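**Q** What follows is target18.csv; its format and atoms are CSV, C-alpha atoms.
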chain,number,residue,atom,x,y,z
A,20,MET,CA,-7.7,4.7,5.2
A,21,SER,CA,-10.2,1.8,5.2
A,22,ASN,CA,-12.7,4.1,3.4
A,23,TRP,CA,-10.0,4.7,0.7
A,24,LYS,CA,-9.2,1.1,0.0
A,25,TYR,CA,-11.3,0.8,-3.1
A,26,PRO,CA,-10.7,4.4,-4.4
A,27,LEU,CA,-7.0,3.8,-4.1
A,28,MET,CA,-7.3,0.5,-6.0
A,29,LEU,CA,-9.3,2.3,-8.7
A,30,LEU,CA,-6.6,5.0,-8.9
A,31,GLY,CA,-4.0,2.2,-9.3
A,32,GLY,CA,-6.0,0.7,-12.2
A,33,ILE,CA,-6.3,4.1,-13.8
A,34,GLY,CA,-2.6,4.7,-13.4
A,35,ILE,CA,-1.6,1.4,-15.0
A,36,SER,CA,-4.0,1.9,-17.9
A,37,ASN,CA,-2.8,5.5,-18.4
A,38,VAL,CA,0.9,4.5,-18.5
A,39,GLY,CA,0.0,1.7,-21.0
A,40,ALA,CA,-2.0,4.2,-23.2
A,41,TRP,CA,1.1,6.4,-23.5
A,42,VAL,CA,3.3,3.4,-24.4
A,43,TYR,CA,0.8,2.3,-27.0
A,44,LEU,CA,0.4,5.8,-28.5
A,45,ILE,CA,4.2,6.4,-28.8
A,46,ALA,CA,4.7,2.8,-30.2
A,47,LEU,CA,2.0,3.2,-32.7
A,48,ASN,CA,3.4,6.6,-33.8
A,49,LEU,CA,6.8,5.0,-34.4
A,50,ILE,CA,5.3,2.0,-36.2
A,51,ILE,CA,3.4,4.2,-38.7
A,52,LEU,CA,6.3,6.6,-39.1
A,53,ASN,CA,8.7,3.7,-39.8
A,54,LYS,CA,6.2,2.4,-42.5
A,55,THR,CA,5.4,5.7,-44.1
A,56,GLY,CA,7.9,8.4,-43.1
A,57,SER,CA,4.9,10.8,-43.4
A,58,PRO,CA,4.0,13.3,-40.7
A,59,LEU,CA,0.5,13.4,-42.3
A,60,ALA,CA,0.1,9.7,-41.5
A,61,ILE,CA,0.8,10.5,-37.9
A,62,ALA,CA,-1.6,13.4,-37.9
A,63,LEU,CA,-4.4,11.1,-39.0
A,64,LEU,CA,-4.0,9.1,-35.8
A,65,TYR,CA,-4.9,12.2,-33.8
A,66,ILE,CA,-8.0,12.9,-35.9
A,67,LEU,CA,-9.2,9.3,-35.3
A,68,GLY,CA,-9.8,10.0,-31.6
A,69,PRO,CA,-12.5,12.7,-31.9
A,70,ILE,CA,-14.1,11.0,-35.0
A,71,ALA,CA,-14.3,7.8,-32.9
A,72,THR,CA,-16.0,9.7,-30.1
A,73,ILE,CA,-18.6,11.1,-32.5
A,74,CYS,CA,-19.3,7.6,-33.9
A,75,SER,CA,-19.5,5.8,-30.6
A,76,ASN,CA,-20.8,8.2,-28.0
A,77,ILE,CA,-23.9,9.3,-29.9
A,78,TRP,CA,-25.4,5.9,-28.8
A,79,ALA,CA,-23.1,4.7,-26.0
A,80,GLY,CA,-24.6,6.8,-23.2
A,81,SER,CA,-27.9,5.0,-23.6
A,82,LEU,CA,-26.1,1.7,-23.1
A,83,ILE,CA,-23.9,2.9,-20.2
A,84,ASP,CA,-26.8,3.9,-18.1
A,85,ARG,CA,-28.4,0.5,-18.5
A,86,VAL,CA,-25.5,-1.9,-17.9
A,87,ASN,CA,-23.4,-2.9,-15.0
A,88,THR,CA,-20.6,-0.3,-15.2
A,89,ARG,CA,-17.9,-2.4,-13.5
A,90,ARG,CA,-18.4,-5.4,-15.8
A,91,PHE,CA,-18.6,-3.1,-18.8
A,92,MET,CA,-15.3,-1.4,-17.9
A,93,MET,CA,-13.7,-4.9,-17.6
A,94,ALA,CA,-15.1,-5.9,-21.0
A,95,LEU,CA,-13.9,-2.7,-22.6
A,96,ASP,CA,-10.4,-3.2,-21.1
A,97,VAL,CA,-10.2,-6.8,-22.3
A,98,PHE,CA,-11.6,-5.9,-25.7
A,99,ARG,CA,-9.0,-3.1,-26.2
A,100,ALA,CA,-6.2,-5.4,-25.1
A,101,LEU,CA,-7.2,-8.0,-27.7
A,102,CYS,CA,-7.4,-5.4,-30.4
A,103,ILE,CA,-4.0,-4.0,-29.5
A,104,ALA,CA,-2.5,-7.5,-29.4
A,105,PHE,CA,-3.5,-8.0,-33.1
A,106,ILE,CA,-1.7,-4.9,-34.3
A,107,PRO,CA,1.7,-6.5,-34.9
A,108,PHE,CA,0.1,-9.2,-37.1
A,109,LEU,CA,-1.8,-6.9,-39.5
A,110,PRO,CA,-0.7,-7.2,-43.1
A,111,SER,CA,-1.0,-3.5,-44.1
A,112,LEU,CA,-1.3,0.1,-42.7
A,113,PHE,CA,-4.9,0.3,-43.7
A,114,TYR,CA,-5.9,-2.4,-41.2
A,115,VAL,CA,-3.8,-0.7,-38.5
A,116,TYR,CA,-5.9,2.5,-38.9
A,117,ILE,CA,-9.1,0.5,-38.8
A,118,LEU,CA,-8.1,-1.3,-35.6
A,119,ALA,CA,-6.8,2.0,-34.1
A,120,PHE,CA,-10.2,3.5,-34.9
A,121,ILE,CA,-12.0,0.6,-33.1
A,122,ILE,CA,-9.6,1.0,-30.1
A,123,ASN,CA,-10.3,4.7,-29.9
A,124,MET,CA,-14.1,3.9,-29.9
A,125,GLY,CA,-13.5,1.6,-27.0
A,126,SER,CA,-11.6,4.3,-25.1
A,127,ALA,CA,-14.2,6.9,-25.9
A,128,ILE,CA,-16.9,4.6,-24.4
A,129,PHE,CA,-14.7,3.8,-21.4
A,130,GLN,CA,-14.4,7.4,-20.3
A,131,PRO,CA,-18.1,8.1,-19.5
A,132,THR,CA,-18.5,4.5,-18.1
A,133,SER,CA,-15.6,5.1,-15.7
A,134,MET,CA,-17.0,8.5,-14.7
A,135,VAL,CA,-20.4,6.9,-13.8
A,136,TYR,CA,-18.7,4.2,-11.8
A,137,MET,CA,-16.4,6.6,-10.0
A,138,THR,CA,-19.4,8.8,-9.0
A,139,LYS,CA,-21.2,5.9,-7.6
A,140,LEU,CA,-18.2,4.5,-5.8
A,141,ILE,CA,-16.8,7.7,-4.3
A,142,PRO,CA,-18.8,9.5,-1.6
A,143,GLU,CA,-19.6,13.2,-2.3
A,144,LYS,CA,-17.3,14.4,0.5
A,145,ASP,CA,-14.3,12.6,-1.0
A,146,ARG,CA,-14.8,13.4,-4.7
A,147,GLN,CA,-12.7,16.6,-4.8
A,148,ARG,CA,-9.7,14.9,-3.2
A,149,PHE,CA,-10.2,11.8,-5.5
A,150,ASN,CA,-10.3,14.0,-8.6
A,151,ALA,CA,-7.1,15.8,-7.5
A,152,LEU,CA,-5.3,12.5,-6.9
A,153,ARG,CA,-6.6,11.3,-10.3
A,154,GLY,CA,-5.0,14.3,-11.9
A,155,PHE,CA,-1.8,13.5,-10.1
A,156,ILE,CA,-1.9,9.8,-11.3
A,157,ASN,CA,-2.6,10.9,-14.9
A,158,SER,CA,0.3,13.4,-14.8
A,159,CYS,CA,2.7,10.8,-13.5
A,160,GLY,CA,1.5,8.5,-16.3
A,161,SER,CA,2.3,11.2,-18.9
A,162,LEU,CA,5.9,11.3,-17.5
A,163,ILE,CA,6.5,7.6,-16.8
A,164,GLY,CA,4.8,6.3,-19.9
A,165,PRO,CA,7.2,7.8,-22.5
A,166,ALA,CA,10.2,6.8,-20.3
A,167,ILE,CA,9.0,3.2,-20.2
A,168,ALA,CA,8.3,3.3,-23.9
A,169,GLY,CA,11.9,4.5,-24.5
A,170,ILE,CA,13.3,1.7,-22.4
A,171,LEU,CA,11.2,-0.9,-24.2
A,172,PHE,CA,12.3,0.5,-27.6
A,173,TRP,CA,15.9,0.2,-26.4
A,174,MET,CA,15.4,-3.4,-25.3
A,175,GLY,CA,13.3,-4.5,-28.3
A,176,THR,CA,11.0,-2.9,-30.9
A,177,PRO,CA,7.8,-0.8,-30.9
A,178,TYR,CA,5.9,-4.1,-31.1
A,179,THR,CA,7.4,-5.0,-27.7
A,180,ALA,CA,5.8,-1.9,-26.3
A,181,ILE,CA,2.5,-2.8,-27.9
A,182,HIS,CA,2.5,-6.2,-26.1
A,183,VAL,CA,3.3,-4.5,-22.8
A,184,ASN,CA,0.2,-2.3,-23.2
A,185,THR,CA,-1.9,-5.4,-23.8
A,186,GLY,CA,-0.7,-6.7,-20.5
A,187,ALA,CA,-1.4,-3.4,-18.8
A,188,LEU,CA,-5.0,-3.3,-19.9
A,189,VAL,CA,-5.6,-6.9,-18.8
A,190,PHE,CA,-4.1,-6.1,-15.4
A,191,SER,CA,-6.3,-3.0,-15.2
A,192,ALA,CA,-9.3,-5.3,-15.9
A,193,PHE,CA,-8.1,-7.6,-13.1
A,194,ILE,CA,-8.0,-4.7,-10.6
A,195,ILE,CA,-11.5,-3.5,-11.7
A,196,ARG,CA,-12.7,-7.1,-11.1
A,197,MET,CA,-11.7,-6.7,-7.4
A,198,LEU,CA,-13.7,-3.5,-7.0
A,199,PRO,CA,-17.2,-3.6,-5.5
A,200,ASP,CA,-20.3,-3.8,-7.7
A,201,VAL,CA,-22.1,-0.4,-7.4
A,202,ASP,CA,-25.0,-1.1,-9.7
A,203,SER,CA,-27.6,-2.7,-7.5
A,204,ARG,CA,-30.4,-1.1,-9.4
A,205,LEU,CA,-30.4,-0.6,-13.1
A,206,GLU,CA,-32.9,0.7,-15.6
A,207,GLU,CA,-33.8,-2.3,-17.6
A,208,ILE,CA,-35.1,-2.4,-21.2
A,209,GLU,CA,-37.8,-5.0,-20.8
A,210,GLY,CA,-39.5,-6.4,-23.8
A,211,GLN,CA,-37.8,-4.0,-26.2
A,212,ARG,CA,-34.6,-4.0,-28.3
A,213,PHE,CA,-31.9,-1.5,-27.9
A,214,ASN,CA,-32.6,0.7,-30.9
A,215,TRP,CA,-32.7,4.3,-32.2
A,216,ASP,CA,-36.1,4.9,-30.6
A,217,ILE,CA,-34.5,4.4,-27.2
A,218,ILE,CA,-31.6,6.6,-28.1
A,219,LYS,CA,-33.9,9.4,-29.3
A,220,LYS,CA,-35.9,9.2,-26.1
A,221,ASP,CA,-32.6,9.5,-24.2
A,222,PHE,CA,-31.7,12.6,-26.1
A,223,GLN,CA,-35.0,14.0,-24.9
A,224,VAL,CA,-34.2,13.1,-21.3
A,225,VAL,CA,-30.9,14.9,-21.5
A,226,LEU,CA,-32.5,17.9,-23.3
A,227,HIS,CA,-35.2,18.2,-20.6
A,228,PHE,CA,-32.6,18.0,-17.8
A,229,SER,CA,-30.5,20.7,-19.6
A,230,LYS,CA,-33.5,23.0,-19.9
A,231,ASP,CA,-34.6,22.4,-16.3
A,232,HIS,CA,-31.1,22.9,-14.9
A,233,VAL,CA,-29.7,25.7,-17.1
A,234,TYR,CA,-26.9,26.7,-14.6
A,235,ILE,CA,-25.5,23.2,-14.4
A,236,THR,CA,-25.5,22.8,-18.1
A,237,LYS,CA,-23.8,26.2,-18.5
A,238,ILE,CA,-20.9,25.2,-16.2
A,239,TYR,CA,-20.5,21.9,-18.1
A,240,ILE,CA,-20.5,23.7,-21.4
A,241,LEU,CA,-17.8,26.0,-20.1
A,242,PHE,CA,-15.8,22.9,-19.2
A,243,CYS,CA,-16.3,21.6,-22.7
A,244,GLY,CA,-15.3,25.0,-24.1
A,245,ALA,CA,-12.1,25.1,-22.0
A,246,THR,CA,-11.2,21.6,-23.3
A,247,ILE,CA,-11.9,22.5,-26.9
A,248,CYS,CA,-9.7,25.7,-26.6
A,249,MET,CA,-6.8,23.8,-24.9
A,250,THR,CA,-6.9,21.0,-27.5
A,251,ALA,CA,-6.9,23.3,-30.4
A,252,ILE,CA,-4.2,25.6,-29.0
A,253,ASP,CA,-2.0,22.6,-28.0
A,254,SER,CA,-2.0,21.5,-31.7
A,255,LEU,CA,0.3,24.4,-32.4
A,256,GLU,CA,2.6,24.0,-29.4
A,257,ALA,CA,5.2,21.7,-30.9
A,258,ALA,CA,5.4,23.7,-34.1
A,259,PHE,CA,5.8,26.9,-32.1
A,260,ALA,CA,8.5,25.5,-29.8
A,261,LYS,CA,10.5,24.0,-32.7
A,262,GLY,CA,9.8,26.4,-35.5
A,263,VAL,CA,9.4,29.8,-33.9
A,264,LEU,CA,11.5,29.5,-30.7
A,265,SER,CA,14.0,27.2,-32.4
A,266,ILE,CA,14.2,24.9,-29.3
A,267,SER,CA,16.3,21.7,-29.6
A,268,ASP,CA,14.8,18.3,-29.2
A,269,THR,CA,16.5,18.0,-25.8
A,270,ASN,CA,15.2,21.3,-24.5
A,271,TYR,CA,11.7,20.5,-25.9
A,272,GLY,CA,11.8,17.4,-23.8
A,273,PHE,CA,12.8,19.5,-20.8
A,274,LEU,CA,9.9,21.9,-21.6
A,275,LEU,CA,7.4,18.9,-21.4
A,276,SER,CA,9.0,17.9,-18.1
A,277,VAL,CA,8.3,21.4,-16.8
A,278,PHE,CA,4.7,21.0,-17.8
A,279,GLY,CA,4.5,17.7,-16.0
A,280,ALA,CA,6.1,19.2,-12.9
A,281,GLY,CA,3.4,21.9,-12.9
A,282,ILE,CA,0.7,19.2,-13.0
A,283,ILE,CA,2.3,17.2,-10.2
A,284,ILE,CA,2.8,20.1,-7.9
A,285,GLY,CA,-0.7,21.4,-8.6
A,286,SER,CA,-2.2,18.0,-8.0
A,287,ILE,CA,-0.4,17.6,-4.7
A,288,ILE,CA,-1.5,21.0,-3.4
A,289,ASN,CA,-5.0,20.2,-4.6
A,290,SER,CA,-5.2,16.9,-2.8
A,291,ILE,CA,-3.6,18.2,0.5
A,292,PHE,CA,-5.7,21.4,0.8
A,293,THR,CA,-9.0,19.9,-0.5
A,294,ASN,CA,-11.0,21.2,2.5
A,295,ARG,CA,-9.8,24.7,2.0
A,296,LEU,CA,-10.2,25.0,-1.7
A,297,ALA,CA,-13.8,25.9,-2.8
A,298,VAL,CA,-15.0,24.3,-6.0
A,299,ASN,CA,-16.1,27.6,-7.6
A,300,LEU,CA,-12.7,29.2,-7.0
A,301,LEU,CA,-11.0,26.1,-8.5
A,302,ILE,CA,-13.1,26.6,-11.7
A,303,GLY,CA,-12.8,30.3,-11.9
A,304,TYR,CA,-9.1,30.9,-11.1
A,305,GLY,CA,-8.0,27.6,-12.6
A,306,THR,CA,-9.5,28.4,-16.1
A,307,ILE,CA,-8.2,32.0,-16.1
A,308,PHE,CA,-4.7,31.2,-15.0
A,309,THR,CA,-4.5,28.3,-17.5
A,310,ALA,CA,-5.3,30.8,-20.2
A,311,ILE,CA,-2.7,33.2,-18.9
A,312,GLY,CA,-0.2,30.4,-19.1
A,313,TYR,CA,-0.9,30.0,-22.8
A,314,ILE,CA,-0.6,33.7,-23.3
A,315,MET,CA,2.8,33.7,-21.6
A,316,LEU,CA,3.9,30.7,-23.7
A,317,TYR,CA,3.0,32.3,-27.1
A,318,SER,CA,4.5,35.6,-26.0
A,319,SER,CA,7.8,34.0,-25.2
A,320,ASN,CA,11.1,34.3,-27.2
A,321,GLY,CA,13.0,31.3,-26.0
A,322,PHE,CA,13.2,28.3,-23.6
A,323,PHE,CA,13.6,30.3,-20.4
A,324,SER,CA,10.8,32.7,-21.1
A,325,ALA,CA,8.5,29.8,-22.3
A,326,ALA,CA,9.1,27.6,-19.2
A,327,PRO,CA,7.1,29.7,-16.7
A,328,GLY,CA,4.1,29.8,-19.0
A,329,VAL,CA,4.3,26.0,-19.6
A,330,PHE,CA,4.6,25.4,-15.8
A,331,LEU,CA,1.6,27.7,-15.1
A,332,ILE,CA,-0.5,25.8,-17.7
A,333,GLY,CA,0.2,22.4,-16.0
A,334,PHE,CA,-0.2,23.9,-12.5
A,335,ALA,CA,-3.5,25.8,-13.1
A,336,VAL,CA,-5.2,23.1,-15.2
A,337,THR,CA,-5.2,20.7,-12.3
A,338,PHE,CA,-7.3,23.1,-10.3
A,339,ALA,CA,-9.7,23.8,-13.1
A,340,ASN,CA,-10.2,20.1,-13.9
A,341,THR,CA,-10.7,19.1,-10.3
A,342,GLY,CA,-13.3,21.9,-9.9
A,343,TYR,CA,-15.2,21.1,-13.1
A,344,LEU,CA,-15.3,17.4,-12.5
A,345,THR,CA,-16.3,17.7,-8.8
A,346,PHE,CA,-19.1,20.1,-9.8
A,347,TYR,CA,-20.2,17.7,-12.6
A,348,GLN,CA,-20.3,14.6,-10.3
A,349,ASN,CA,-22.2,16.5,-7.6
A,350,HIS,CA,-24.9,17.9,-9.7
A,351,VAL,CA,-25.6,15.7,-12.7
A,352,PRO,CA,-27.8,12.8,-11.5
A,353,VAL,CA,-25.8,9.6,-11.8
A,354,LYS,CA,-28.8,7.7,-13.4
A,355,ILE,CA,-28.4,9.9,-16.6
A,356,MET,CA,-24.7,10.7,-16.3
A,357,GLY,CA,-23.7,8.3,-19.1
A,358,ARG,CA,-26.1,9.8,-21.5
A,359,PHE,CA,-25.4,13.4,-20.5
A,360,GLU,CA,-21.6,13.1,-20.8
A,361,SER,CA,-21.8,11.0,-24.0
A,362,ILE,CA,-24.1,13.4,-25.9
A,363,PHE,CA,-22.0,16.5,-24.9
A,364,SER,CA,-18.7,14.7,-25.7
A,365,VAL,CA,-20.0,14.2,-29.3
A,366,MET,CA,-20.6,17.9,-29.7
A,367,GLU,CA,-17.2,18.6,-28.0
A,368,ALA,CA,-15.4,16.3,-30.4
A,369,GLY,CA,-17.0,18.0,-33.4
A,370,PHE,CA,-15.9,21.4,-32.3
A,371,ILE,CA,-12.4,20.1,-31.6
A,372,ILE,CA,-12.1,18.8,-35.1
A,373,VAL,CA,-13.4,22.0,-36.7
A,374,LEU,CA,-11.4,24.4,-34.5
A,375,THR,CA,-8.2,22.4,-34.7
A,376,VAL,CA,-8.4,22.4,-38.5
A,377,LEU,CA,-9.2,26.1,-38.6
A,378,ILE,CA,-6.3,27.0,-36.3
A,379,GLY,CA,-3.9,24.8,-38.3
A,380,LEU,CA,-4.9,26.5,-41.6
A,381,ALA,CA,-4.7,29.9,-40.0
A,382,ALA,CA,-1.2,29.2,-38.7
A,383,GLU,CA,-0.1,28.0,-42.2
A,384,LEU,CA,-1.5,31.1,-43.9
A,385,THR,CA,-0.3,33.7,-41.3
A,386,SER,CA,1.8,33.2,-38.2
A,387,ILE,CA,1.9,30.5,-35.5
A,388,ARG,CA,2.6,33.0,-32.8
A,389,LEU,CA,-0.3,35.3,-33.9
A,390,VAL,CA,-2.8,32.4,-34.1
A,391,GLY,CA,-1.6,31.0,-30.8
A,392,LEU,CA,-2.0,34.4,-29.1
A,393,ILE,CA,-5.5,34.9,-30.6
A,394,GLY,CA,-6.5,31.4,-29.5
A,395,SER,CA,-5.1,32.1,-26.0
A,396,PHE,CA,-6.9,35.4,-25.6
A,397,GLY,CA,-10.1,33.6,-26.8
A,398,PHE,CA,-9.5,31.0,-24.1
A,399,PHE,CA,-9.0,33.8,-21.6
A,400,LEU,CA,-12.5,35.2,-22.4
A,401,VAL,CA,-13.9,31.7,-21.7
A,402,GLY,CA,-12.1,31.9,-18.3
A,403,LEU,CA,-13.7,35.3,-17.6
A,404,VAL,CA,-17.1,33.9,-18.4
A,405,ALA,CA,-16.4,31.0,-16.1
A,406,TRP,CA,-15.3,33.3,-13.3
A,407,LYS,CA,-18.4,35.4,-13.7
A,408,ALA,CA,-20.6,32.3,-13.7
A,409,VAL,CA,-19.1,30.8,-10.5
A,410,ALA,CA,-18.7,34.0,-8.6
A,411,SER,CA,-22.3,34.9,-8.7
A,412,GLU,CA,-23.8,35.3,-5.2
A,413,GLY,CA,-27.1,33.9,-6.4
A,414,GLN,CA,-25.5,30.5,-7.4
A,415,LYS,CA,-23.4,29.9,-4.3
A,416,ASN,CA,-25.8,27.1,-3.1
A,417,TYR,CA,-24.6,25.0,-6.1
A,418,PHE,CA,-21.2,24.8,-4.6
A,419,ASN,CA,-22.3,23.9,-1.1
A,420,ARG,CA,-24.3,20.8,-1.8
A,421,GLY,CA,-24.9,18.2,-4.5
A,422,MET,CA,-28.0,16.9,-6.1
A,423,LEU,CA,-27.4,13.2,-6.1
Once more with this new file: its structure as structure tokens, please.
**A**
Amino acid sequence: MSNWKYPLMLLGGIGISNVGAWVYLIALNLIILNKTGSPLAIALLYILGPIATICSNIWAGSLIDRVNTRRFMMALDVFRALCIAFIPFLPSLFYVYILAFIINMGSAIFQPTSMVYMTKLIPEKDRQRFNALRGFINSCGSLIGPAIAGILFWMGTPYTAIHVNTGALVFSAFIIRMLPDVDSRLEEIEGQRFNWDIIKKDFQVVLHFSKDHVYITKIYILFCGATICMTAIDSLEAAFAKGVLSISDTNYGFLLSVFGAGIIIGSIINSIFTNRLAVNLLIGYGTIFTAIGYIMLYSSNGFFSAAPGVFLIGFAVTFANTGYLTFYQNHVPVKIMGRFESIFSVMEAGFIIVLTVLIGLAAELTSIRLVGLIGSFGFFLVGLVAWKAVASEGQKNYFNRGML
């Protein structure tokens, strides 16, 4: 257990931050809805995320690989906390959107920074179990966060919830401060300014790595493809449940709880049987069965036929995520990890925006069920490609050892 002291502290910080993020998101949705009464105004919030990723991560990776990641994570937490604290005092909705965009940029930069720090902190033999536990913590946050938000709304206003998230981020920064410094050696920029020349050179570094290690890049692209498919298909889920299946608000809440239960059970199994679950099987079976869950959902005719599909999505995605993340951490050199993830996240965000808009338009013009099924079968094809890639006999050595 002594070896897990710092990983468990890091998981605690992640959990607190995740709960706070849900409280913030729900509170901000209500604030904007109360001011505008417009679903379109809410939809704009969700577009801000991938746009912020494109604007920030095109250069952030070059910075992440050259700074102290622990201090940078603390600074990002405190910066986001200060920005969120200002939201209740803004004079108009325009400024709320601007600040929300800046907060999203901070969150987009925090993701690859934390991934680099985790990879340096967690020994290779413990990464698979850590990633499973991280999935469990995140799933608990997705269940606890909305519940806490509801209690805070009952006790006060959405602005009360905003202040609570400010405190959560500050507390997360405090926990990170107690973690060890893992950046003993950093690539310094001596005698030169951080500019576009450095960023362009870093693009070349990532490009050369991708060309030299085609298989690693292929698996990571499949991970990005799975994320893009899930995000785009998920954009139809609420409209399908409410509009096509005619599920009540109460039953829709139960359906989300079924999804959360799937994630929790999958994460527990994942963390307990880490030594018996091969990373390539997690990737292959996890991706395929997540897609099958979506097919079951969009083939359903009511709550009871939709629930098994929703449970399978939550259950299987934990295995897929654990497999992909463990493979990524074990094979992408940590010294370029910030640049690698940031550059690919920009492309991923671009595809998410385009595919989500296309699927939304297609659903408007045709049928939500039809578009959902087509998207689910497309995701299933991604799963088959992933299975073929990880099941190859010639590539088994990639799943037996890392490259760090």
**Q** Pick out the closest residue to Ile33 in chain A from this set: A:Phe359, A:Phe346, A:Tyr65, A:Phe193. Count all atoms listed in the file.
**A**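 Of A:Phe359, A:Phe346, A:Tyr65, A:Phe193, the one nearest Ile33 in chain A is A:Phe193, counting all atoms listed in the file.
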**Q** Could you pull the residues within 7 Å of Leu301 in chain A, counting all atoms listed in the file, minus those fewer than 4 positions along the same chain, as a count of residues only?
**A** 6
**Q** Just the residues within 9 Å of Asp200 in chain A, please, counting only C-alpha atoms, with nothing from its chain fewer than 4 positions along; format it as a list in words.
**A**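 Once the adjacent positions are removed, what remains is Asn87, Thr88, Arg89, Arg90, Leu140 and Arg196 of chain A.
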**Q** Using only C-alpha atoms, pick whichever of A:Val183, A:Ile141, A:Val201, A:Val329 has the shortest atom-to-atom distance to Trp23 in chain A.
**A**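 Of all the options, A:Ile141 lies closest to Trp23 in chain A.
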**Q** Which residues of range 180-264 of chain A come within 12 Å of range 322-328 of chain A, and what is each one's closest atom pair and distance in Å (one decimal), counting all atoms listed in the file, sorted by chain and residue number, as JSON lines?
**A**
{"residue": "A:Glu256", "atom": "CA", "partner": "A:Ala325", "partner_atom": "CA", "distance": 10.9}
{"residue": "A:Phe259", "atom": "CA", "partner": "A:Ala325", "partner_atom": "CA", "distance": 10.6}
{"residue": "A:Ala260", "atom": "CA", "partner": "A:Phe322", "partner_atom": "CA", "distance": 8.3}
{"residue": "A:Lys261", "atom": "CA", "partner": "A:Phe322", "partner_atom": "CA", "distance": 10.4}
{"residue": "A:Val263", "atom": "CA", "partner": "A:Phe322", "partner_atom": "CA", "distance": 11.1}
{"residue": "A:Leu264", "atom": "CA", "partner": "A:Phe322", "partner_atom": "CA", "distance": 7.4}
**Q** Applying 12 Å and all atoms listed in the file, which residues near Thr375 in chain A remain after dropping the ones on its own chain fewer than 5 positions away? List them as a PDB file with C-alpha atoms, keeping the file's coordinate frame.
**A**
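Now in around_28.pdb:
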ATOM      1  CA  ALA A  62      -1.600  13.400 -37.900  1.00  0.00           C
ATOM      2  CA  TYR A  65      -4.900  12.200 -33.800  1.00  0.00           C
ATOM      3  CA  ILE A  66      -8.000  12.900 -35.900  1.00  0.00           C
ATOM      4  CA  PRO A  69     -12.500  12.700 -31.900  1.00  0.00           C
ATOM      5  CA  THR A 246     -11.200  21.600 -23.300  1.00  0.00           C
ATOM      6  CA  ILE A 247     -11.900  22.500 -26.900  1.00  0.00           C
ATOM      7  CA  CYS A 248      -9.700  25.700 -26.600  1.00  0.00           C
ATOM      8  CA  MET A 249      -6.800  23.800 -24.900  1.00  0.00           C
ATOM      9  CA  THR A 250      -6.900  21.000 -27.500  1.00  0.00           C
ATOM     10  CA  ALA A 251      -6.900  23.300 -30.400  1.00  0.00           C
ATOM     11  CA  ILE A 252      -4.200  25.600 -29.000  1.00  0.00           C
ATOM     12  CA  ASP A 253      -2.000  22.600 -28.000  1.00  0.00           C
ATOM     13  CA  SER A 254      -2.000  21.500 -31.700  1.00  0.00           C
ATOM     14  CA  LEU A 255       0.300  24.400 -32.400  1.00  0.00           C
ATOM     15  CA  GLU A 367     -17.200  18.600 -28.000  1.00  0.00           C
ATOM     16  CA  ALA A 368     -15.400  16.300 -30.400  1.00  0.00           C
ATOM     17  CA  GLY A 369     -17.000  18.000 -33.400  1.00  0.00           C
ATOM     18  CA  PHE A 370     -15.900  21.400 -32.300  1.00  0.00           C
ATOM     19  CA  LEU A 380      -4.900  26.500 -41.600  1.00  0.00           C
ATOM     20  CA  ALA A 381      -4.700  29.900 -40.000  1.00  0.00           C
ATOM     21  CA  ALA A 382      -1.200  29.200 -38.700  1.00  0.00           C
ATOM     22  CA  VAL A 390      -2.800  32.400 -34.100  1.00  0.00           C
ATOM     23  CA  GLY A 391      -1.600  31.000 -30.800  1.00  0.00           C
ATOM     24  CA  GLY A 394      -6.500  31.400 -29.500  1.00  0.00           C
TER      25      GLY A 394
END
**Q** To one decimal place, how far is CA of Gly160 in chain A from CA of Leu101 in chain A in Å?
**A**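 That distance, rounded to one decimal, is 21.9 Å.
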**Q** Go through A:Phe113, A:Tyr343, A:Phe363, A:Tyr271 one by one, measure the shortest atom-to-atom distance of each to Ala151 in chain A using all atoms listed in the file, and give the residue with the smallest value.
**A**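 Under the stated criterion, the closest residue is A:Tyr343.
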**Q** Identify, on the basis of all atoms listed in the file, every residue whose closest approach to range 130-136 of chain A does not exceed 7 Å; exclude the query and any residue fewer than 6 positions from it along the same chain; express the result as a ChimeraX atom specification.
**A** /A:83,88-89,92,353,356-357,360-361
**Q** Fewer than 6 positions away in the same chain doesn't count, so skip those; otherwise give me all residues within 8 Å of Phe330 in chain A, counting all atoms listed in the file, as a PyMOL selection string.
**A** chain A and resi 277-282+312
**Q** Could those selected residues go to a file with C-alpha atoms, as a compact mmCIF listing (two decimals), in the frame of the given file?
**A**
# COMPACT_ATOMS: atom_id res chain seq x y z
CA VAL A 277 8.30 21.40 -16.80
CA PHE A 278 4.70 21.00 -17.80
CA GLY A 279 4.50 17.70 -16.00
CA ALA A 280 6.10 19.20 -12.90
CA GLY A 281 3.40 21.90 -12.90
CA ILE A 282 0.70 19.20 -13.00
CA GLY A 312 -0.20 30.40 -19.10
**Q** Check the smallest atom-to-atom distance from each of A:Tyr234, A:Ala119, A:Leu82, A:Ile163 to Ile70 in chain A using only C-alpha atoms, then report the winner.
**A**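 Closest to Ile70 in chain A, using only C-alpha atoms: A:Ala119.
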